[in-house]
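With compact mmCIF, N, CA and C atoms inside, this is final26.txt:
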# COMPACT_ATOMS: atom_id res chain seq x y z
N MET A 1 -55.27 6.66 -39.28
CA MET A 1 -56.69 6.82 -39.12
C MET A 1 -56.99 7.24 -37.69
N GLN A 2 -57.75 8.28 -37.52
CA GLN A 2 -58.09 8.79 -36.20
C GLN A 2 -59.57 8.62 -35.95
N THR A 3 -59.89 8.10 -34.78
CA THR A 3 -61.28 7.89 -34.41
C THR A 3 -61.66 8.89 -33.34
N THR A 4 -62.77 9.52 -33.53
CA THR A 4 -63.26 10.45 -32.51
C THR A 4 -64.65 10.01 -32.08
N THR A 5 -64.95 10.29 -30.86
CA THR A 5 -66.29 10.02 -30.33
C THR A 5 -66.85 11.31 -29.79
N ALA A 6 -68.08 11.27 -29.42
CA ALA A 6 -68.74 12.47 -28.90
C ALA A 6 -68.04 12.96 -27.64
N SER A 7 -67.53 12.04 -26.82
CA SER A 7 -66.90 12.47 -25.58
C SER A 7 -65.54 13.11 -25.82
N THR A 8 -64.85 12.77 -26.91
CA THR A 8 -63.55 13.38 -27.17
C THR A 8 -63.67 14.69 -27.94
N ASP A 9 -64.84 14.98 -28.48
CA ASP A 9 -65.03 16.23 -29.21
C ASP A 9 -65.16 17.42 -28.27
N ARG A 10 -65.58 17.15 -27.03
CA ARG A 10 -65.78 18.23 -26.06
C ARG A 10 -64.56 18.33 -25.14
N PRO A 11 -64.05 19.52 -24.93
CA PRO A 11 -62.95 19.65 -23.95
C PRO A 11 -63.49 19.53 -22.53
N TRP A 12 -62.68 18.99 -21.64
CA TRP A 12 -63.07 18.86 -20.24
C TRP A 12 -62.67 20.13 -19.53
N ASP A 13 -63.64 20.90 -19.08
CA ASP A 13 -63.35 22.21 -18.51
C ASP A 13 -62.86 22.12 -17.07
N HIS A 14 -63.71 21.67 -16.19
CA HIS A 14 -63.36 21.65 -14.77
C HIS A 14 -63.97 20.43 -14.11
N ALA A 15 -63.33 20.03 -13.03
CA ALA A 15 -63.88 18.94 -12.24
C ALA A 15 -65.10 19.44 -11.48
N PRO A 16 -66.03 18.57 -11.16
CA PRO A 16 -67.18 18.98 -10.36
C PRO A 16 -66.73 19.56 -9.02
N ALA A 17 -67.57 20.40 -8.42
CA ALA A 17 -67.21 21.08 -7.18
C ALA A 17 -66.95 20.10 -6.04
N ASP A 18 -67.61 18.94 -6.04
CA ASP A 18 -67.42 17.99 -4.95
C ASP A 18 -66.28 17.01 -5.22
N ASP A 19 -65.55 17.19 -6.32
CA ASP A 19 -64.43 16.32 -6.65
C ASP A 19 -63.14 16.98 -6.13
N PHE A 20 -62.42 16.28 -5.25
CA PHE A 20 -61.20 16.83 -4.68
C PHE A 20 -60.23 15.70 -4.38
N LEU A 21 -58.98 16.06 -4.22
CA LEU A 21 -57.96 15.08 -3.87
C LEU A 21 -58.06 14.73 -2.39
N LEU A 22 -57.81 13.49 -2.08
CA LEU A 22 -57.83 13.07 -0.68
C LEU A 22 -56.54 13.52 0.02
N ALA A 23 -56.67 13.84 1.27
CA ALA A 23 -55.49 14.20 2.06
C ALA A 23 -54.67 12.94 2.33
N PRO A 24 -53.35 13.08 2.48
CA PRO A 24 -52.54 11.90 2.79
C PRO A 24 -52.94 11.32 4.15
N PRO A 25 -52.75 10.01 4.32
CA PRO A 25 -53.15 9.39 5.58
C PRO A 25 -52.29 9.88 6.75
N ASN A 26 -52.89 9.91 7.90
CA ASN A 26 -52.19 10.30 9.12
C ASN A 26 -51.58 9.05 9.73
N PRO A 27 -50.24 8.99 9.86
CA PRO A 27 -49.62 7.79 10.42
C PRO A 27 -50.13 7.45 11.82
N GLY A 28 -50.56 8.45 12.58
CA GLY A 28 -51.08 8.20 13.92
C GLY A 28 -52.40 7.45 13.92
N ASP A 29 -53.11 7.47 12.80
CA ASP A 29 -54.41 6.80 12.70
C ASP A 29 -54.28 5.33 12.29
N ARG A 30 -53.08 4.90 11.99
CA ARG A 30 -52.90 3.51 11.55
C ARG A 30 -53.10 2.54 12.70
N ILE A 31 -53.56 1.36 12.36
CA ILE A 31 -53.75 0.32 13.36
C ILE A 31 -52.40 -0.32 13.65
N ALA A 32 -52.10 -0.43 14.92
CA ALA A 32 -50.83 -1.05 15.30
C ALA A 32 -50.87 -2.53 14.94
N CYS A 33 -49.91 -2.94 14.15
CA CYS A 33 -49.86 -4.34 13.71
C CYS A 33 -48.41 -4.77 13.69
N ARG A 34 -48.14 -5.85 14.36
CA ARG A 34 -46.79 -6.37 14.39
C ARG A 34 -46.81 -7.76 13.76
N VAL A 35 -46.01 -7.93 12.72
CA VAL A 35 -45.93 -9.21 12.05
C VAL A 35 -44.76 -9.98 12.66
N ASP A 36 -45.01 -11.22 12.99
CA ASP A 36 -43.99 -12.07 13.57
C ASP A 36 -42.80 -12.20 12.61
N PRO A 37 -41.57 -12.10 13.11
CA PRO A 37 -40.40 -12.23 12.23
C PRO A 37 -40.38 -13.53 11.44
N ARG A 38 -40.87 -14.60 12.03
CA ARG A 38 -40.91 -15.88 11.32
C ARG A 38 -41.83 -15.78 10.09
N ASP A 39 -42.97 -15.09 10.24
CA ASP A 39 -43.88 -14.91 9.11
C ASP A 39 -43.24 -14.05 8.03
N LEU A 40 -42.51 -13.00 8.44
CA LEU A 40 -41.82 -12.16 7.46
C LEU A 40 -40.77 -12.96 6.69
N ARG A 41 -40.02 -13.79 7.42
CA ARG A 41 -39.00 -14.62 6.75
C ARG A 41 -39.65 -15.60 5.77
N ARG A 42 -40.79 -16.16 6.16
CA ARG A 42 -41.50 -17.09 5.28
C ARG A 42 -41.98 -16.38 4.01
N LEU A 43 -42.60 -15.21 4.17
CA LEU A 43 -43.07 -14.46 3.02
C LEU A 43 -41.92 -14.02 2.12
N ASN A 44 -40.82 -13.58 2.73
CA ASN A 44 -39.65 -13.18 1.95
C ASN A 44 -39.05 -14.36 1.20
N LEU A 45 -39.07 -15.52 1.82
CA LEU A 45 -38.54 -16.72 1.15
C LEU A 45 -39.40 -17.10 -0.04
N TYR A 46 -40.71 -17.05 0.11
CA TYR A 46 -41.60 -17.32 -1.03
C TYR A 46 -41.35 -16.32 -2.16
N ALA A 47 -41.21 -15.04 -1.80
CA ALA A 47 -40.96 -14.01 -2.81
C ALA A 47 -39.62 -14.21 -3.50
N LEU A 48 -38.60 -14.56 -2.73
CA LEU A 48 -37.28 -14.78 -3.30
C LEU A 48 -37.27 -15.98 -4.23
N LEU A 49 -37.90 -17.07 -3.82
CA LEU A 49 -37.97 -18.25 -4.68
C LEU A 49 -38.70 -17.95 -5.97
N THR A 50 -39.80 -17.23 -5.86
CA THR A 50 -40.59 -16.90 -7.04
C THR A 50 -39.80 -15.99 -7.98
N SER A 51 -39.11 -14.99 -7.43
CA SER A 51 -38.35 -14.08 -8.29
C SER A 51 -37.14 -14.77 -8.91
N ALA A 52 -36.65 -15.83 -8.28
CA ALA A 52 -35.53 -16.60 -8.84
C ALA A 52 -36.02 -17.61 -9.87
N GLY A 53 -37.33 -17.67 -10.08
CA GLY A 53 -37.88 -18.60 -11.07
C GLY A 53 -38.08 -20.00 -10.53
N ILE A 54 -38.10 -20.11 -9.21
CA ILE A 54 -38.29 -21.41 -8.57
C ILE A 54 -39.67 -21.40 -7.93
N ALA A 55 -40.60 -22.09 -8.56
CA ALA A 55 -41.96 -22.15 -8.01
C ALA A 55 -42.03 -23.25 -6.96
N PRO A 56 -42.33 -22.89 -5.71
CA PRO A 56 -42.45 -23.92 -4.68
C PRO A 56 -43.60 -24.87 -4.97
N TRP A 57 -43.35 -26.13 -4.80
CA TRP A 57 -44.38 -27.15 -4.99
C TRP A 57 -45.20 -27.27 -3.71
N PRO A 58 -46.40 -27.81 -3.79
CA PRO A 58 -47.22 -27.94 -2.58
C PRO A 58 -46.51 -28.69 -1.45
N GLY A 59 -45.69 -29.67 -1.76
CA GLY A 59 -44.98 -30.42 -0.72
C GLY A 59 -43.83 -29.66 -0.10
N ASP A 60 -43.46 -28.51 -0.66
CA ASP A 60 -42.34 -27.72 -0.15
C ASP A 60 -42.73 -26.84 1.03
N ARG A 61 -43.99 -26.78 1.33
CA ARG A 61 -44.45 -25.88 2.40
C ARG A 61 -43.81 -26.21 3.74
N GLU A 62 -43.70 -27.50 4.05
CA GLU A 62 -43.11 -27.90 5.33
C GLU A 62 -41.65 -27.46 5.41
N ALA A 63 -40.91 -27.61 4.32
CA ALA A 63 -39.50 -27.20 4.30
C ALA A 63 -39.39 -25.68 4.46
N ILE A 64 -40.26 -24.94 3.80
CA ILE A 64 -40.23 -23.48 3.91
C ILE A 64 -40.58 -23.05 5.33
N GLU A 65 -41.53 -23.73 5.95
CA GLU A 65 -41.87 -23.42 7.35
C GLU A 65 -40.68 -23.68 8.26
N MET A 66 -39.96 -24.76 8.03
CA MET A 66 -38.78 -25.07 8.86
C MET A 66 -37.66 -24.06 8.62
N LEU A 67 -37.46 -23.67 7.36
CA LEU A 67 -36.45 -22.66 7.05
C LEU A 67 -36.80 -21.32 7.68
N SER A 68 -38.07 -21.01 7.77
CA SER A 68 -38.51 -19.74 8.34
C SER A 68 -38.20 -19.63 9.82
N ALA A 69 -38.03 -20.77 10.47
CA ALA A 69 -37.73 -20.77 11.90
C ALA A 69 -36.25 -20.49 12.16
N LEU A 70 -35.42 -20.56 11.13
CA LEU A 70 -33.98 -20.33 11.30
C LEU A 70 -33.71 -18.84 11.45
N PRO A 71 -32.55 -18.49 12.03
CA PRO A 71 -32.25 -17.07 12.28
C PRO A 71 -32.06 -16.25 11.00
N ASP A 72 -32.05 -14.94 11.18
CA ASP A 72 -31.92 -14.01 10.05
C ASP A 72 -30.62 -14.22 9.27
N SER A 73 -29.55 -14.60 9.95
CA SER A 73 -28.27 -14.79 9.25
C SER A 73 -28.37 -15.89 8.20
N VAL A 74 -29.15 -16.93 8.48
CA VAL A 74 -29.35 -18.00 7.51
C VAL A 74 -30.13 -17.47 6.31
N HIS A 75 -31.13 -16.64 6.57
CA HIS A 75 -31.94 -16.08 5.49
C HIS A 75 -31.14 -15.09 4.63
N GLU A 76 -30.24 -14.37 5.26
CA GLU A 76 -29.37 -13.49 4.48
C GLU A 76 -28.52 -14.31 3.52
N ALA A 77 -28.01 -15.45 3.98
CA ALA A 77 -27.22 -16.31 3.10
C ALA A 77 -28.09 -16.89 1.99
N LEU A 78 -29.30 -17.33 2.31
CA LEU A 78 -30.21 -17.84 1.28
C LEU A 78 -30.51 -16.78 0.23
N HIS A 79 -30.77 -15.56 0.68
CA HIS A 79 -31.06 -14.47 -0.26
C HIS A 79 -29.85 -14.21 -1.16
N HIS A 80 -28.67 -14.23 -0.57
CA HIS A 80 -27.46 -14.00 -1.36
C HIS A 80 -27.27 -15.11 -2.39
N TRP A 81 -27.44 -16.36 -1.98
CA TRP A 81 -27.25 -17.48 -2.90
C TRP A 81 -28.25 -17.47 -4.04
N LEU A 82 -29.53 -17.22 -3.70
CA LEU A 82 -30.57 -17.29 -4.73
C LEU A 82 -30.60 -16.06 -5.63
N SER A 83 -30.12 -14.93 -5.15
CA SER A 83 -30.18 -13.73 -5.98
C SER A 83 -28.87 -13.42 -6.70
N SER A 84 -27.84 -14.22 -6.46
CA SER A 84 -26.54 -13.92 -7.08
C SER A 84 -26.53 -14.26 -8.57
N GLY A 85 -27.43 -15.14 -9.01
CA GLY A 85 -27.53 -15.46 -10.43
C GLY A 85 -26.47 -16.42 -10.94
N ARG A 86 -25.81 -17.12 -10.06
CA ARG A 86 -24.82 -18.09 -10.52
C ARG A 86 -25.44 -19.36 -10.97
As structure tokens, the full file:
Amino acid sequence: MQTTTASTDRPWDHAPADDFLLAPPNPGDRIACRVDPRDLRRLNLYALLTSAGIAPWPGDREAIEMLSALPDSVHEALHHWLSSGR
């Protein structure tokens, strides 16, 4: 069964004259923003836990904050352990 409406009966000829594609953004116009590495590690840890099916509980925030203060080598090991699927 096929349903048609008044809008599908008419072919769409052309876009209006003022309708155009936007130009890609200029990287030079971006606002300089530097995210602290500790914040990046914290966000990555939340994402890794969530993707591993481990939902952090509200009381886990302090532990995640403490883990975020550890160096990148520790986080690489955590990522490897949690994403290995063992």
Nearest-residue call for Arg41 of chain A, choices A:Glu62, A:Leu67, A:Asn26, A:Leu21, using only N, CA and C atoms: A:Leu67
Computed interatomic separation between atom CA of Val74 of chain A and atom C of Asp60 of chain A (Å): 17.3 Å
Excluding Pro71 of chain A and any residue of its chain fewer than 6 positions from it, enumerate the residues within 12 Å of it, using only C-alpha atoms, and give them as a PDB file with N, CA and C atoms, in the frame of the given file.
ATOM      1  N   PRO A  37     -41.570 -12.100  13.110  1.00  0.00           N
ATOM      2  CA  PRO A  37     -40.400 -12.230  12.230  1.00  0.00           C
ATOM      3  C   PRO A  37     -40.380 -13.530  11.440  1.00  0.00           C
ATOM      4  N   ARG A  38     -40.870 -14.600  12.030  1.00  0.00           N
ATOM      5  CA  ARG A  38     -40.910 -15.880  11.320  1.00  0.00           C
ATOM      6  C   ARG A  38     -41.830 -15.780  10.090  1.00  0.00           C
ATOM      7  N   LEU A  40     -42.510 -13.000   8.440  1.00  0.00           N
ATOM      8  CA  LEU A  40     -41.820 -12.160   7.460  1.00  0.00           C
ATOM      9  C   LEU A  40     -40.770 -12.960   6.690  1.00  0.00           C
ATOM     10  N   ARG A  41     -40.020 -13.790   7.420  1.00  0.00           N
ATOM     11  CA  ARG A  41     -39.000 -14.620   6.750  1.00  0.00           C
ATOM     12  C   ARG A  41     -39.650 -15.600   5.770  1.00  0.00           C
ATOM     13  N   ARG A  42     -40.790 -16.160   6.160  1.00  0.00           N
ATOM     14  CA  ARG A  42     -41.500 -17.090   5.280  1.00  0.00           C
ATOM     15  C   ARG A  42     -41.980 -16.380   4.010  1.00  0.00           C
ATOM     16  N   ALA A  77     -28.010 -15.450   3.980  1.00  0.00           N
ATOM     17  CA  ALA A  77     -27.220 -16.310   3.100  1.00  0.00           C
ATOM     18  C   ALA A  77     -28.090 -16.890   1.990  1.00  0.00           C
ATOM     19  N   LEU A  78     -29.300 -17.330   2.310  1.00  0.00           N
ATOM     20  CA  LEU A  78     -30.210 -17.840   1.280  1.00  0.00           C
ATOM     21  C   LEU A  78     -30.510 -16.780   0.230  1.00  0.00           C
TER      22      LEU A  78
END
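Take atom C of Glu65 of chain A and atom N of Tyr46 of chain A: the distance between them is 10.5 Å.
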Distance in Å - atom CA of Asp39 of chain A versus atom CA of Pro25 of chain A: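 Atom CA of Pro25 of chain A lies 26.2 Å from atom CA of Asp39 of chain A.
Counting only N, CA and C atoms, the residue from A:Ser68, A:Ser73, A:Asp29, A:Ser84 that sits nearest to Leu43 of chain A is A:Ser68.
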Nearest residue to Ala69 of chain A from the set A:Leu45, A:Ala32, A:Leu82, A:Leu22 (distances using only C-alpha atoms):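 Comparing A:Leu45, A:Ala32, A:Leu82, A:Leu22 against Ala69 of chain A, the winner is A:Leu45.
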Using all atoms listed in the file: which of A:His75, A:Phe20, A:Ser83, A:Leu70 has the shortest distance to Ser51 of chain A: A:Ser83
